[in-house]
There are 4 protein chains.
Amino acid sequence: MDQIKVGVVGATGYAGCEICRIILGHPGAKLAAISSISFEGMAFSEVYPAYYELCDMVCGTQDEVVEKSDVIFAALPHGLSQELAALCDKAGKAFIDMGADFRLESEEEYRQWYGGSYTDQALHEKAVYGLPEFFREKIRGKKLIANPGCYTTAVPLALVPALKNGLIESSGIIADCKSGVTGAGRKPTQSNHYPELNESFTAYKVANHRHTPEIEQTLSILSGEKLKVTFVPHLLPINRGILATCYAKLKPGVTEKQLWDAYHDAYDKEFFVRLLPEGQVANVKNVRCSNFCDVSLFTDPRTGTFVAISALDNMVKGAAGQAVQNMNLSFGLEETTGLRLVPPAF
Amino acid sequence: MDQIKVGVVGATGYAGCEICRIILGHPGAKLAAISSISFEGMAFSEVYPAYYELCDMVCGTQDEVVEKSDVIFAALPHGLSQELAALCDKAGKAFIDMGADFRLESEEEYRQWYGGSYTDQALHEKAVYGLPEFFREKIRGKKLIANPGCYTTAVPLALVPALKNGLIESSGIIADCKSGVTGAGRKPTQSNHYPELNESFTAYKVANHRHTPEIEQTLSILSGEKLKVTFVPHLLPINRGILATCYAKLKPGVTEKQLWDAYHDAYDKEFFVRLLPEGQVANVKNVRCSNFCDVSLFTDPRTGTFVAISALDNMVKGAAGQAVQNMNLSFGLEETTGLRLVPPAF
Amino acid sequence: MDQIKVGVVGATGYAGCEICRIILGHPGAKLAAISSISFEGMAFSEVYPAYYELCDMVCGTQDEVVEKSDVIFAALPHGLSQELAALCDKAGKAFIDMGADFRLESEEEYRQWYGGSYTDQALHEKAVYGLPEFFREKIRGKKLIANPGCYTTAVPLALVPALKNGLIESSGIIADCKSGVTGAGRKPTQSNHYPELNESFTAYKVANHRHTPEIEQTLSILSGEKLKVTFVPHLLPINRGILATCYAKLKPGVTEKQLWDAYHDAYDKEFFVRLLPEGQVANVKNVRCSNFCDVSLFTDPRTGTFVAISALDNMVKGAAGQAVQNMNLSFGLEETTGLRLVPPAF
Amino acid sequence: MDQIKVGVVGATGYAGCEICRIILGHPGAKLAAISSISFEGMAFSEVYPAYYELCDMVCGTQDEVVEKSDVIFAALPHGLSQELAALCDKAGKAFIDMGADFRLESEEEYRQWYGGSYTDQALHEKAVYGLPEFFREKIRGKKLIANPGCYTTAVPLALVPALKNGLIESSGIIADCKSGVTGAGRKPTQSNHYPELNESFTAYKVANHRHTPEIEQTLSILSGEKLKVTFVPHLLPINRGILATCYAKLKPGVTEKQLWDAYHDAYDKEFFVRLLPEGQVANVKNVRCSNFCDVSLFTDPRTGTFVAISALDNMVKGAAGQAVQNMNLSFGLEETTGLRLVPPAF
């Protein structure tokens with residue numbers, strides 16, 4: 001089979017850059033075209049000198065990307081993806097959206113949290129939510145995929161097996177999450193200026209982050225119960241990684257064994273989810289630059305609380321890696337192709 | 001009045017070093033003697049070259065410290081403080097214990113979490129728990145003070161006003177805390193070796209940390225209800241600072257105004273607790289090297305959850321600064337003497 | 001004597017902020033007024049939440065600062081200081097310039113490296129260069145002081161005693177310097193965006209930095225020889241600190257003893273310069289947040305090379321601290337007043 | 001051809017670990033056995049949890065490694081490699097030494113800088129020095145290879161083209177180098193304890209580091225002139241990377257064009273050396289986790305100084321990557337096999 005021709009719209013943002021990094025090492029795909037509004041006409045390696053002599057491709061326009069590619073990854077500001085998705089749909093191209101335009105089933109929630117509306121209902125019905133570990137069969141062969149956000153991958157991977165098997169209460173769930181700085185994007189801001197962020201740590205958008213409805217949607221679908229979570233994100237002074245510390249009330253009588261069994265059933269065959277041995281705690285360091293999500297389990301018998309801690313690289317399993325995983329599913333490739341990335345240990 | 005003669009046992013550990021830093025700038029006290037088992041005979045500035053020409057005092061023995069000082073700060077491994085406290089008691093010297101030997105009222109809990117026993121019951125009855133914002137009147141003039149731990153200062157300062165005023169449920173409290181590395185001490189370990197910790201983030205002692213009973217003791221005393229908390233500490237790749245993100249169920253009908261009123265009542269006159277304006281989040285950066293504890297309040301109306309976030313410097317308000325605050329109370333000085341430390345903004 | 005009324009123009013930049021921090025703890029001075037173009041009308045503590053309840057003064061205009069103050073510290077873009085200096089001169093106010101407008105004696109060099117011209121020659125003749133360790137007597141009582149840059153303080157403090165005593169060659173001097181990020185200012189830029197700078201290290205403006213003529217001016221004046229240096233600055237992924245590694249050819253027959261004697265003669269009475277014991281190397285960590293400059297000496301007998309390494313905090317001895325030292329000299333206070341800042345050891 | 005069976009002695013040190021990481025992705029080689037004295041009997045992934053489910057191989061003994069492997073990489077303390085090399089030689093196995101035992105041609109220099117002696121002269125005569133860009137033809141097919149150190153790769157790659165073509169003076173060369181912390185090994189030490197190193201920067205072993213004679217050896221061989229350099233290493237608070245800022249006197253009349261031509265001639269065909277475009281400066285960030293060495297050139301016409309700045313990952317091109325490059329040459333594989341590692345841009 002020919003290599004898949006990959007296009008990246010918004011290639012010079014962090015997620016776009018990471019898609020390029022992964023595609024450079026993907027045996028079944030090649031970079032066909034990239035675009036960037038801010039850096040049009042510049043070589044990718046001028047923007048990211050790490051890629052000098054590895055990817056000197058010049059940033060073109062969005063139209064060129066659509067024309068030259070079989071699949072278009074779009075890293076666009078919220079609201080702009082819908083138009084491009086329609087264009088790709090018409091041209092018969094696969095479209096993988098890194099933004100939030102197609103993630104929420106409820107237009108009302110989209111409007112409430114993002115402020116826009118759904119311009120083309122038929123298109124939204126075509127879209128599938130690309131969290132392969134839970135929705136693999138729906139994704140296969142599809143051409144319009146909403147790639148999940150970073151927190152919204154980490155929290156469900158930590159909680160779903162317990163929730164789905166009725167081992168924890170569906171109310172009172174708390175997701176205390178901590179993210180590396182790349183999650184906030186490449187555009188310089190005061191709060192991410194090096195001297196302000198270095199040696200700092202704080203929470204932001206406390207119980208008020210846009211990923212909340214997306215997390216709730218996934219947990220609700222998979223538990224069969226409409227539920228709500230309290231979600232508080234924090235900003236870590238590191239480049240990459242999300243650690244999600246999730247708390248839930250254990251249902252009466254639930255044993256440790258039941259919990260471990262549920263997680264083994266869910267993840268033993270999943271290449272990208274590593275259920276850690278008892279006692280070990282997930283650490284963002286151990287998944288950096290890889291597509292793994294490490295999951296670790298604890299209980300607090302004194303208070304009857306379940307604590308599930310997951311770690312992933314927000315730029316890989318939380319963005320570009322998962323997007324390529326979805327591409328593999330969409331095009332019928334083995335799901336791990338190009339994604340057996342080995343995390344450096346230090 | 002003459003300057004208080006200060007002695008530090010275990011001066012070359014991080015907490016000991018920080019006591020020396022504060023005493024060097026304290027107008028009512030002076031460093032009289034220091035000891036260190038590992039560095040006996042060496043100058044303090046040989047161990048910490050930052051203090052070259054500022055504190056070249058030589059580390060002597062514990063006995064010398066007791067002899068030369070009016071007040072002895074002891075940063076000793078758990079279990080060793082009781083003996084030294086007895087010695088100081090006999091010699092009529094004030095004793096401020098940086099360790100855990102005198103923190104817990106219940107010997108049973110001490111035995112369970114620390115593994116030792118109370119060797120001298122009378123001495124334990126003399127000891128007061130040195131969290132001045134809550135126990136100020138008990139501390140004044142006392143000569144045996146158990147200085148609280150870092151987490152055990154941060155969590156109560158975040159939760160007590162809500163709890164004491166009956167605004168939150170006493171069950172189901174979660175304290176998700178994140179600490180800088182100095183909290184783990186100065187002794188090199190594999191996990192705190194620079195390349196292992198840098199760009200990492202994880203939890204440790206999940207729902208199993210020794211500070212749990214101490215947090216519960218303070219919250220129980222002040223709420224009048226025996227309660228339990230789920231406490232999960234994490235390790236931040238920064239030097240100093242603790243952020244405590246605390247979750248509790250709001251009682252039915254409680255309003256935002258009631259919450260803010262309770263905190264204003266509690267903290268408006270406290271120099272070292274800064275209740276942040278609505279919308280601002282406490283950040284470890286803003287309290288670094290100072291004795292402040294910043295407290296910020298949020299609610300999640302969607303789930304009825306109260307979120308209180310506090311930040312302090314684990315080495316100052318979480319250790320040495322609070323110890324000096326206790327010394328000031330013990331010796332009748334104005335409580336903030338030598339402690340109006342201005343945090344560098346970056 | 002009354003407290004000196006201090007005004008800061010450009011108070012919300014890093015140097016301005018640090019002046020405020022130092023003045024907050026200065027017994028002989030108090031903050032009278034601050035201004036900021038970007039943040040006019042905002043409280044200082046809104047810009048820097050670390051100062052909440054410590055300095056809630058509102059940023060006003062430059063004119064208000066001049067009116068209310070005895071001394072004006074100006075942290076302005078190059079070129080704008082001359083006008084303000086003239087205004088202060090007319091009003092009989094002391095003026096301490098944090099910028100470069102009055103540092104260079106040669107207008108030609110100023111034009112070549114900064115691109116502007118000297119608008120008022122008489123004013124330039126009044127200005128003194130504020131490096132107290134070398135020009136103390138000229139500074140005393142003066143009202144127009146050019147505060148040196150950071151590199152231009154670190155390199156002369158490392159080299160002057162050897163140079164002045166004829167122990168090293170005046171040609172072939174190399175200054176390989178490394179600076180923390182605050183030196184680049186508070187304005188967010190792509191290169192100082194956290195994820196780009198973290199875990200990075202590089203040189204910039206190689207042999208082409210504006211501090212070059214200022215370093216050469218000081219070394220030439222003090223050695224009595226017109227000399228040139230090769231100066232290469234690098235950017236460290238830390239907040240504060242400059243390390244200057246300076247290389248020079250030893251003159252034939254020069255002994256270690258001659259070198260050490262020259263440095264002891266120069267610095268034994270200087271409070272802010274700490275000549276480290278043989279074998280110890282200056283480290284930016286040991287001077288952080290303080291006004292110290294640590295100096296360490298080495299020779300390479302295999303190649304006949306002298307290596308002097310100095311460390312200072314670019315925001316303190318390299319900016320705000322030295323400026324206050326100059327203020328003390330200008331107003332006849334003891335030189336170290338308010339500047340006996342103890343560096344935290346970690 | 002069958003895959004090369006790779007053994008690593010000292011696999012749990014940083015260099016050993018990195019060899020394992022690279023071999024895991026090498027299409028022509030597979031990990032056959034690993035040993036570790038400290039962690040014998042433990043799985044590699046217990047020591048480095050990043051490798052969980054990727055490399056759970058158990059650490060055995062050195063003898064097992066020799067028996068099961070075609071090539072043995074040895075990361076041993078200085079002095080211990082000679083014995084193992086003899087054993088491998090006898091058994092007909094290839095041996096790639098990560099240590100210094102076979103790097104220096106002069107036993108006298110080895111004795112002077114490392115304190116040991118050469119136990120088997122014949123073996124030392126068999127050894128080749130594995131810096132492929134300069135000694136490729138000597139390495140091909142050889143079975144005893146001394147892998148260079150990190151600084152000793154970075155400095156020659158920066159200077160050799162200028163030196164070999166007679167464009168710079170051979171005396172007065174200065175190499176001011178800065179290394180990430182992994183260069184100091186995995187064993188916890190006080191100076192590399194996180195809180196001591198974080199936000200610090202200093203030099204060490206000033207003009208007295210063991211890599212000095214090795215740098216001089218390479219430069220002398222390739223320039224045809226016995227020369228000496230002043231070498232000062234510094235420790236950066238980052239995990240990986242070396243930046244070598246090298247200074248030399250330009251010979252009279254040498255033009256920029258001559259310099260660039262010499263470097264283009266030397267490196268245009270070298271996959272792993274990227275000569276950066278004029279004006280760009282090498283940055284450790286851009287080569288991290290890859291086998292690249294970036295080289296950038298500058299001159300200071302004011303002083304007649306040449307400044308060459310190179311950057312590499314001390315663990316890859318400065319250790320494990322170069323070792324695998326040598327293995328490829330030894331076994332007749334294409335030199336870049338398994339080494340086209342793409343550096344993450346952030």
# chains A, B, ... in the order shown; residues from 1 in each chain; ligands from 1
$ select_by_dssp --residues "range 111-283 of chain A" --states "alpha helix (DSSP H)" --output "VMD selection string"
chain A and resid 111 to 114 121 to 126 132 to 139 151 to 164 194 to 197 211 to 223 256 to 267
$ interface_residues --of "chain C" --to "chain A" --cutoff "6 Å" --atoms "only C-alpha atoms" --output "list in words"
Pro188, Thr189, Gln190, Asn192, His193, Tyr194, Pro195 and Asn239 of chain C
$ write_last_selection --atoms "C-alpha atoms" --output "short mmCIF file (atom, residue, chain, number, x, y, z; two decimals), in the first residue's frame"
data_model
loop_
_atom_site.label_atom_id
_atom_site.label_comp_id
_atom_site.auth_asym_id
_atom_site.auth_seq_id
_atom_site.Cartn_x
_atom_site.Cartn_y
_atom_site.Cartn_z
CA PRO C 188 6.94 37.65 27.01
CA THR C 189 8.87 36.55 23.93
CA GLN C 190 8.97 33.35 21.93
CA ASN C 192 11.64 32.97 26.72
CA HIS C 193 8.33 31.14 26.54
CA TYR C 194 8.61 28.43 29.18
CA PRO C 195 8.54 25.33 26.95
CA ASN C 239 15.57 32.92 36.89
#
$ residues_around --residues "range 270-287 of chain A" --least-positions-apart "4" --cutoff "6 Å" --atoms "only C-alpha atoms" --output "VMD selection string"
(chain A and resid 241 292 to 296 310 to 312 343) or (chain B and resid 200 to 202) or (chain D and resid 50)
$ residues_around --residues "range 314-331 of chain C" --least-positions-apart "5" --cutoff "8 Å" --atoms "only C-alpha atoms" --output "PDB file with N, CA and C atoms, in the first residue's frame"
ATOM      1  N   TYR C  14      11.226  43.991  35.749  1.00  0.00           N
ATOM      2  CA  TYR C  14      11.887  43.190  36.779  1.00  0.00           C
ATOM      3  C   TYR C  14      12.836  44.024  37.649  1.00  0.00           C
ATOM      4  N   ALA C  15      13.609  44.916  37.040  1.00  0.00           N
ATOM      5  CA  ALA C  15      14.537  45.720  37.840  1.00  0.00           C
ATOM      6  C   ALA C  15      13.759  46.658  38.761  1.00  0.00           C
ATOM      7  N   GLY C  16      12.704  47.256  38.213  1.00  0.00           N
ATOM      8  CA  GLY C  16      11.877  48.147  39.022  1.00  0.00           C
ATOM      9  C   GLY C  16      11.247  47.418  40.193  1.00  0.00           C
ATOM     10  N   GLU C  18      12.325  44.813  41.665  1.00  0.00           N
ATOM     11  CA  GLU C  18      13.357  44.442  42.639  1.00  0.00           C
ATOM     12  C   GLU C  18      13.786  45.656  43.474  1.00  0.00           C
ATOM     13  N   ILE C  19      13.791  46.840  42.856  1.00  0.00           N
ATOM     14  CA  ILE C  19      14.059  48.047  43.641  1.00  0.00           C
ATOM     15  C   ILE C  19      12.987  48.190  44.732  1.00  0.00           C
ATOM     16  N   ILE C  22      13.587  45.816  47.612  1.00  0.00           N
ATOM     17  CA  ILE C  22      14.688  46.220  48.495  1.00  0.00           C
ATOM     18  C   ILE C  22      14.280  47.428  49.339  1.00  0.00           C
ATOM     19  N   VAL C  71      14.631  60.791  45.230  1.00  0.00           N
ATOM     20  CA  VAL C  71      15.494  60.102  44.268  1.00  0.00           C
ATOM     21  C   VAL C  71      14.602  59.316  43.317  1.00  0.00           C
ATOM     22  N   PHE C  73      14.598  56.352  40.521  1.00  0.00           N
ATOM     23  CA  PHE C  73      15.239  55.251  39.804  1.00  0.00           C
ATOM     24  C   PHE C  73      14.479  55.072  38.499  1.00  0.00           C
ATOM     25  N   ILE C  96      18.915  58.027  39.340  1.00  0.00           N
ATOM     26  CA  ILE C  96      19.749  56.826  39.146  1.00  0.00           C
ATOM     27  C   ILE C  96      19.188  56.067  37.966  1.00  0.00           C
ATOM     28  N   MET C  98      18.862  53.125  35.409  1.00  0.00           N
ATOM     29  CA  MET C  98      19.096  51.687  35.261  1.00  0.00           C
ATOM     30  C   MET C  98      19.473  51.334  33.819  1.00  0.00           C
ATOM     31  N   GLY C 130      28.272  54.190  38.270  1.00  0.00           N
ATOM     32  CA  GLY C 130      28.019  53.680  39.606  1.00  0.00           C
ATOM     33  C   GLY C 130      28.486  52.271  39.919  1.00  0.00           C
ATOM     34  N   LEU C 131      29.764  52.020  39.755  1.00  0.00           N
ATOM     35  CA  LEU C 131      30.284  50.725  40.214  1.00  0.00           C
ATOM     36  C   LEU C 131      31.104  51.015  41.476  1.00  0.00           C
ATOM     37  N   PRO C 132      30.455  50.990  42.631  1.00  0.00           N
ATOM     38  CA  PRO C 132      31.066  51.532  43.861  1.00  0.00           C
ATOM     39  C   PRO C 132      32.406  50.917  44.228  1.00  0.00           C
ATOM     40  N   ARG C 136      33.975  54.475  44.071  1.00  0.00           N
ATOM     41  CA  ARG C 136      33.214  54.930  45.235  1.00  0.00           C
ATOM     42  C   ARG C 136      33.311  56.440  45.469  1.00  0.00           C
ATOM     43  N   ILE C 139      31.312  58.703  43.338  1.00  0.00           N
ATOM     44  CA  ILE C 139      29.846  58.565  43.409  1.00  0.00           C
ATOM     45  C   ILE C 139      29.265  59.350  44.590  1.00  0.00           C
ATOM     46  N   ARG C 140      29.988  59.343  45.711  1.00  0.00           N
ATOM     47  CA  ARG C 140      29.500  59.985  46.938  1.00  0.00           C
ATOM     48  C   ARG C 140      28.895  61.357  46.669  1.00  0.00           C
ATOM     49  N   GLY C 141      27.669  61.538  47.093  1.00  0.00           N
ATOM     50  CA  GLY C 141      27.033  62.840  47.019  1.00  0.00           C
ATOM     51  C   GLY C 141      26.550  63.260  45.642  1.00  0.00           C
ATOM     52  N   LYS C 142      26.852  62.460  44.641  1.00  0.00           N
ATOM     53  CA  LYS C 142      26.426  62.825  43.282  1.00  0.00           C
ATOM     54  C   LYS C 142      24.936  62.553  43.074  1.00  0.00           C
ATOM     55  N   LYS C 143      24.374  63.295  42.125  1.00  0.00           N
ATOM     56  CA  LYS C 143      22.929  63.174  41.921  1.00  0.00           C
ATOM     57  C   LYS C 143      22.529  62.613  40.560  1.00  0.00           C
ATOM     58  N   ILE C 145      23.551  59.320  38.464  1.00  0.00           N
ATOM     59  CA  ILE C 145      24.369  58.100  38.500  1.00  0.00           C
ATOM     60  C   ILE C 145      23.908  57.118  37.441  1.00  0.00           C
ATOM     61  N   ASN C 147      23.797  53.567  36.535  1.00  0.00           N
ATOM     62  CA  ASN C 147      23.963  52.258  37.177  1.00  0.00           C
ATOM     63  C   ASN C 147      24.446  51.245  36.133  1.00  0.00           C
ATOM     64  N   PRO C 148      25.496  50.492  36.441  1.00  0.00           N
ATOM     65  CA  PRO C 148      26.056  49.572  35.439  1.00  0.00           C
ATOM     66  C   PRO C 148      25.092  48.441  35.081  1.00  0.00           C
ATOM     67  N   GLY C 149      25.355  47.805  33.971  1.00  0.00           N
ATOM     68  CA  GLY C 149      24.617  46.608  33.590  1.00  0.00           C
ATOM     69  C   GLY C 149      25.103  45.415  34.392  1.00  0.00           C
ATOM     70  N   CYS C 150      24.475  44.276  34.154  1.00  0.00           N
ATOM     71  CA  CYS C 150      24.770  43.080  34.940  1.00  0.00           C
ATOM     72  C   CYS C 150      26.104  42.448  34.551  1.00  0.00           C
ATOM     73  N   TYR C 151      26.271  42.158  33.258  1.00  0.00           N
ATOM     74  CA  TYR C 151      27.541  41.576  32.809  1.00  0.00           C
ATOM     75  C   TYR C 151      28.686  42.537  33.111  1.00  0.00           C
ATOM     76  N   THR C 153      29.066  44.480  35.476  1.00  0.00           N
ATOM     77  CA  THR C 153      29.509  44.456  36.870  1.00  0.00           C
ATOM     78  C   THR C 153      30.301  43.172  37.128  1.00  0.00           C
ATOM     79  N   ALA C 154      29.811  42.072  36.600  1.00  0.00           N
ATOM     80  CA  ALA C 154      30.422  40.767  36.897  1.00  0.00           C
ATOM     81  C   ALA C 154      31.827  40.621  36.317  1.00  0.00           C
ATOM     82  N   SER C 179      23.801  33.963  31.830  1.00  0.00           N
ATOM     83  CA  SER C 179      22.849  34.744  32.610  1.00  0.00           C
ATOM     84  C   SER C 179      21.516  34.033  32.768  1.00  0.00           C
ATOM     85  N   GLY C 180      20.864  34.255  33.896  1.00  0.00           N
ATOM     86  CA  GLY C 180      19.484  33.829  34.087  1.00  0.00           C
ATOM     87  C   GLY C 180      18.546  34.658  33.231  1.00  0.00           C
ATOM     88  N   THR C 182      15.791  36.468  33.810  1.00  0.00           N
ATOM     89  CA  THR C 182      15.234  37.770  34.160  1.00  0.00           C
ATOM     90  C   THR C 182      16.010  38.902  33.490  1.00  0.00           C
ATOM     91  N   GLY C 183      17.255  38.635  33.141  1.00  0.00           N
ATOM     92  CA  GLY C 183      18.051  39.631  32.441  1.00  0.00           C
ATOM     93  C   GLY C 183      17.425  40.083  31.134  1.00  0.00           C
ATOM     94  N   ARG C 240      17.528  33.747  38.029  1.00  0.00           N
ATOM     95  CA  ARG C 240      18.454  34.793  38.448  1.00  0.00           C
ATOM     96  C   ARG C 240      19.879  34.293  38.451  1.00  0.00           C
ATOM     97  N   GLY C 241      20.791  35.235  38.167  1.00  0.00           N
ATOM     98  CA  GLY C 241      22.194  34.915  38.342  1.00  0.00           C
ATOM     99  C   GLY C 241      23.003  35.070  37.083  1.00  0.00           C
ATOM    100  N   ILE C 242      24.220  35.558  37.282  1.00  0.00           N
ATOM    101  CA  ILE C 242      25.203  35.601  36.205  1.00  0.00           C
ATOM    102  C   ILE C 242      26.460  34.928  36.706  1.00  0.00           C
ATOM    103  N   CYS C 289      19.298  36.590  45.252  1.00  0.00           N
ATOM    104  CA  CYS C 289      18.491  37.533  46.037  1.00  0.00           C
ATOM    105  C   CYS C 289      19.336  38.407  46.967  1.00  0.00           C
ATOM    106  N   SER C 290      20.647  38.333  46.847  1.00  0.00           N
ATOM    107  CA  SER C 290      21.519  39.150  47.690  1.00  0.00           C
ATOM    108  C   SER C 290      22.338  40.105  46.830  1.00  0.00           C
ATOM    109  N   ASN C 291      23.053  41.019  47.479  1.00  0.00           N
ATOM    110  CA  ASN C 291      23.872  41.985  46.751  1.00  0.00           C
ATOM    111  C   ASN C 291      25.337  41.550  46.662  1.00  0.00           C
ATOM    112  N   PHE C 292      25.604  40.278  46.951  1.00  0.00           N
ATOM    113  CA  PHE C 292      26.986  39.801  46.888  1.00  0.00           C
ATOM    114  C   PHE C 292      27.442  39.512  45.457  1.00  0.00           C
ATOM    115  N   CYS C 293      28.750  39.685  45.266  1.00  0.00           N
ATOM    116  CA  CYS C 293      29.402  39.130  44.083  1.00  0.00           C
ATOM    117  C   CYS C 293      30.509  38.225  44.594  1.00  0.00           C
ATOM    118  N   THR C 336      26.016  49.889  53.078  1.00  0.00           N
ATOM    119  CA  THR C 336      25.318  48.600  53.067  1.00  0.00           C
ATOM    120  C   THR C 336      23.886  48.697  53.617  1.00  0.00           C
ATOM    121  N   THR C 337      23.455  49.890  53.963  1.00  0.00           N
ATOM    122  CA  THR C 337      22.116  50.039  54.562  1.00  0.00           C
ATOM    123  C   THR C 337      21.026  49.411  53.674  1.00  0.00           C
ATOM    124  N   LEU C 339      20.877  46.588  52.537  1.00  0.00           N
ATOM    125  CA  LEU C 339      21.394  45.668  51.513  1.00  0.00           C
ATOM    126  C   LEU C 339      22.067  44.438  52.101  1.00  0.00           C
TER     127      LEU C 339
END
$ select_by_dssp --residues "range 169-335 of chain D" --states "strand (DSSP E or B)" --output "PDB file with C-alpha atoms, in the first residue's frame"
ATOM      1  CA  ILE D 173      42.627  27.515  22.494  1.00  0.00           C
ATOM      2  CA  ILE D 174      39.933  27.751  25.166  1.00  0.00           C
ATOM      3  CA  ALA D 175      37.036  25.326  25.518  1.00  0.00           C
ATOM      4  CA  ASP D 176      34.352  26.672  27.844  1.00  0.00           C
ATOM      5  CA  CYS D 177      31.902  23.777  28.116  1.00  0.00           C
ATOM      6  CA  LYS D 178      28.554  23.345  29.832  1.00  0.00           C
ATOM      7  CA  SER D 179      27.009  19.964  30.517  1.00  0.00           C
ATOM      8  CA  HIS D 193      20.582  16.492  44.909  1.00  0.00           C
ATOM      9  CA  THR D 202      28.848  26.804  38.464  1.00  0.00           C
ATOM     10  CA  ALA D 203      32.092  25.507  36.989  1.00  0.00           C
ATOM     11  CA  VAL D 229      43.926  23.588  25.481  1.00  0.00           C
ATOM     12  CA  THR D 230      42.408  25.306  28.484  1.00  0.00           C
ATOM     13  CA  PHE D 231      39.267  23.351  29.278  1.00  0.00           C
ATOM     14  CA  VAL D 232      36.706  24.519  31.848  1.00  0.00           C
ATOM     15  CA  PRO D 233      33.518  22.465  32.308  1.00  0.00           C
ATOM     16  CA  HIS D 234      30.361  23.834  33.924  1.00  0.00           C
ATOM     17  CA  LEU D 235      27.264  22.073  35.239  1.00  0.00           C
ATOM     18  CA  ILE D 242      26.566  19.755  26.165  1.00  0.00           C
ATOM     19  CA  LEU D 243      27.298  23.144  24.721  1.00  0.00           C
ATOM     20  CA  ALA D 244      30.958  23.718  23.872  1.00  0.00           C
ATOM     21  CA  THR D 245      31.927  27.346  23.306  1.00  0.00           C
ATOM     22  CA  CYS D 246      35.409  27.201  21.811  1.00  0.00           C
ATOM     23  CA  TYR D 247      37.703  30.177  21.310  1.00  0.00           C
ATOM     24  CA  ALA D 248      40.801  30.378  19.148  1.00  0.00           C
ATOM     25  CA  LYS D 249      42.948  33.100  17.617  1.00  0.00           C
ATOM     26  CA  LEU D 250      42.316  33.493  13.887  1.00  0.00           C
ATOM     27  CA  VAL D 273      26.819  16.836  12.174  1.00  0.00           C
ATOM     28  CA  ARG D 274      24.543  19.717  11.242  1.00  0.00           C
ATOM     29  CA  LEU D 275      26.439  22.868  10.294  1.00  0.00           C
ATOM     30  CA  ASN D 283      21.338  24.932  21.283  1.00  0.00           C
ATOM     31  CA  CYS D 293      25.913  17.434  16.889  1.00  0.00           C
ATOM     32  CA  ASP D 294      25.007  20.959  15.777  1.00  0.00           C
ATOM     33  CA  VAL D 295      27.917  23.252  14.937  1.00  0.00           C
ATOM     34  CA  SER D 296      27.756  27.040  14.583  1.00  0.00           C
ATOM     35  CA  LEU D 297      30.489  29.496  13.621  1.00  0.00           C
ATOM     36  CA  PHE D 298      31.250  33.078  14.565  1.00  0.00           C
ATOM     37  CA  THR D 299      34.129  35.494  14.440  1.00  0.00           C
ATOM     38  CA  ASP D 300      34.915  38.533  16.509  1.00  0.00           C
ATOM     39  CA  THR D 305      38.887  35.635  17.589  1.00  0.00           C
ATOM     40  CA  PHE D 306      37.167  32.572  16.152  1.00  0.00           C
ATOM     41  CA  VAL D 307      34.220  31.225  18.157  1.00  0.00           C
ATOM     42  CA  ALA D 308      32.848  27.788  17.321  1.00  0.00           C
ATOM     43  CA  ILE D 309      29.876  26.550  19.309  1.00  0.00           C
ATOM     44  CA  SER D 310      28.743  22.944  19.189  1.00  0.00           C
ATOM     45  CA  ALA D 311      25.824  21.210  20.870  1.00  0.00           C
ATOM     46  CA  LEU D 312      25.139  17.528  21.371  1.00  0.00           C
TER      47      LEU D 312
END
$ residues_around --residues "range 212-221 of chain B" --least-positions-apart "6" --cutoff "6 Å" --atoms "only C-alpha atoms" --output "short mmCIF file (atom, residue, chain, number, x, y, z; two decimals) with C-alpha atoms, in the first residue's frame"
data_model
loop_
_atom_site.label_atom_id
_atom_site.label_comp_id
_atom_site.auth_asym_id
_atom_site.auth_seq_id
_atom_site.Cartn_x
_atom_site.Cartn_y
_atom_site.Cartn_z
CA THR B 152 -0.42 19.98 58.42
CA LEU B 227 -13.25 13.42 61.30
CA LYS B 228 -11.07 11.71 58.74
#
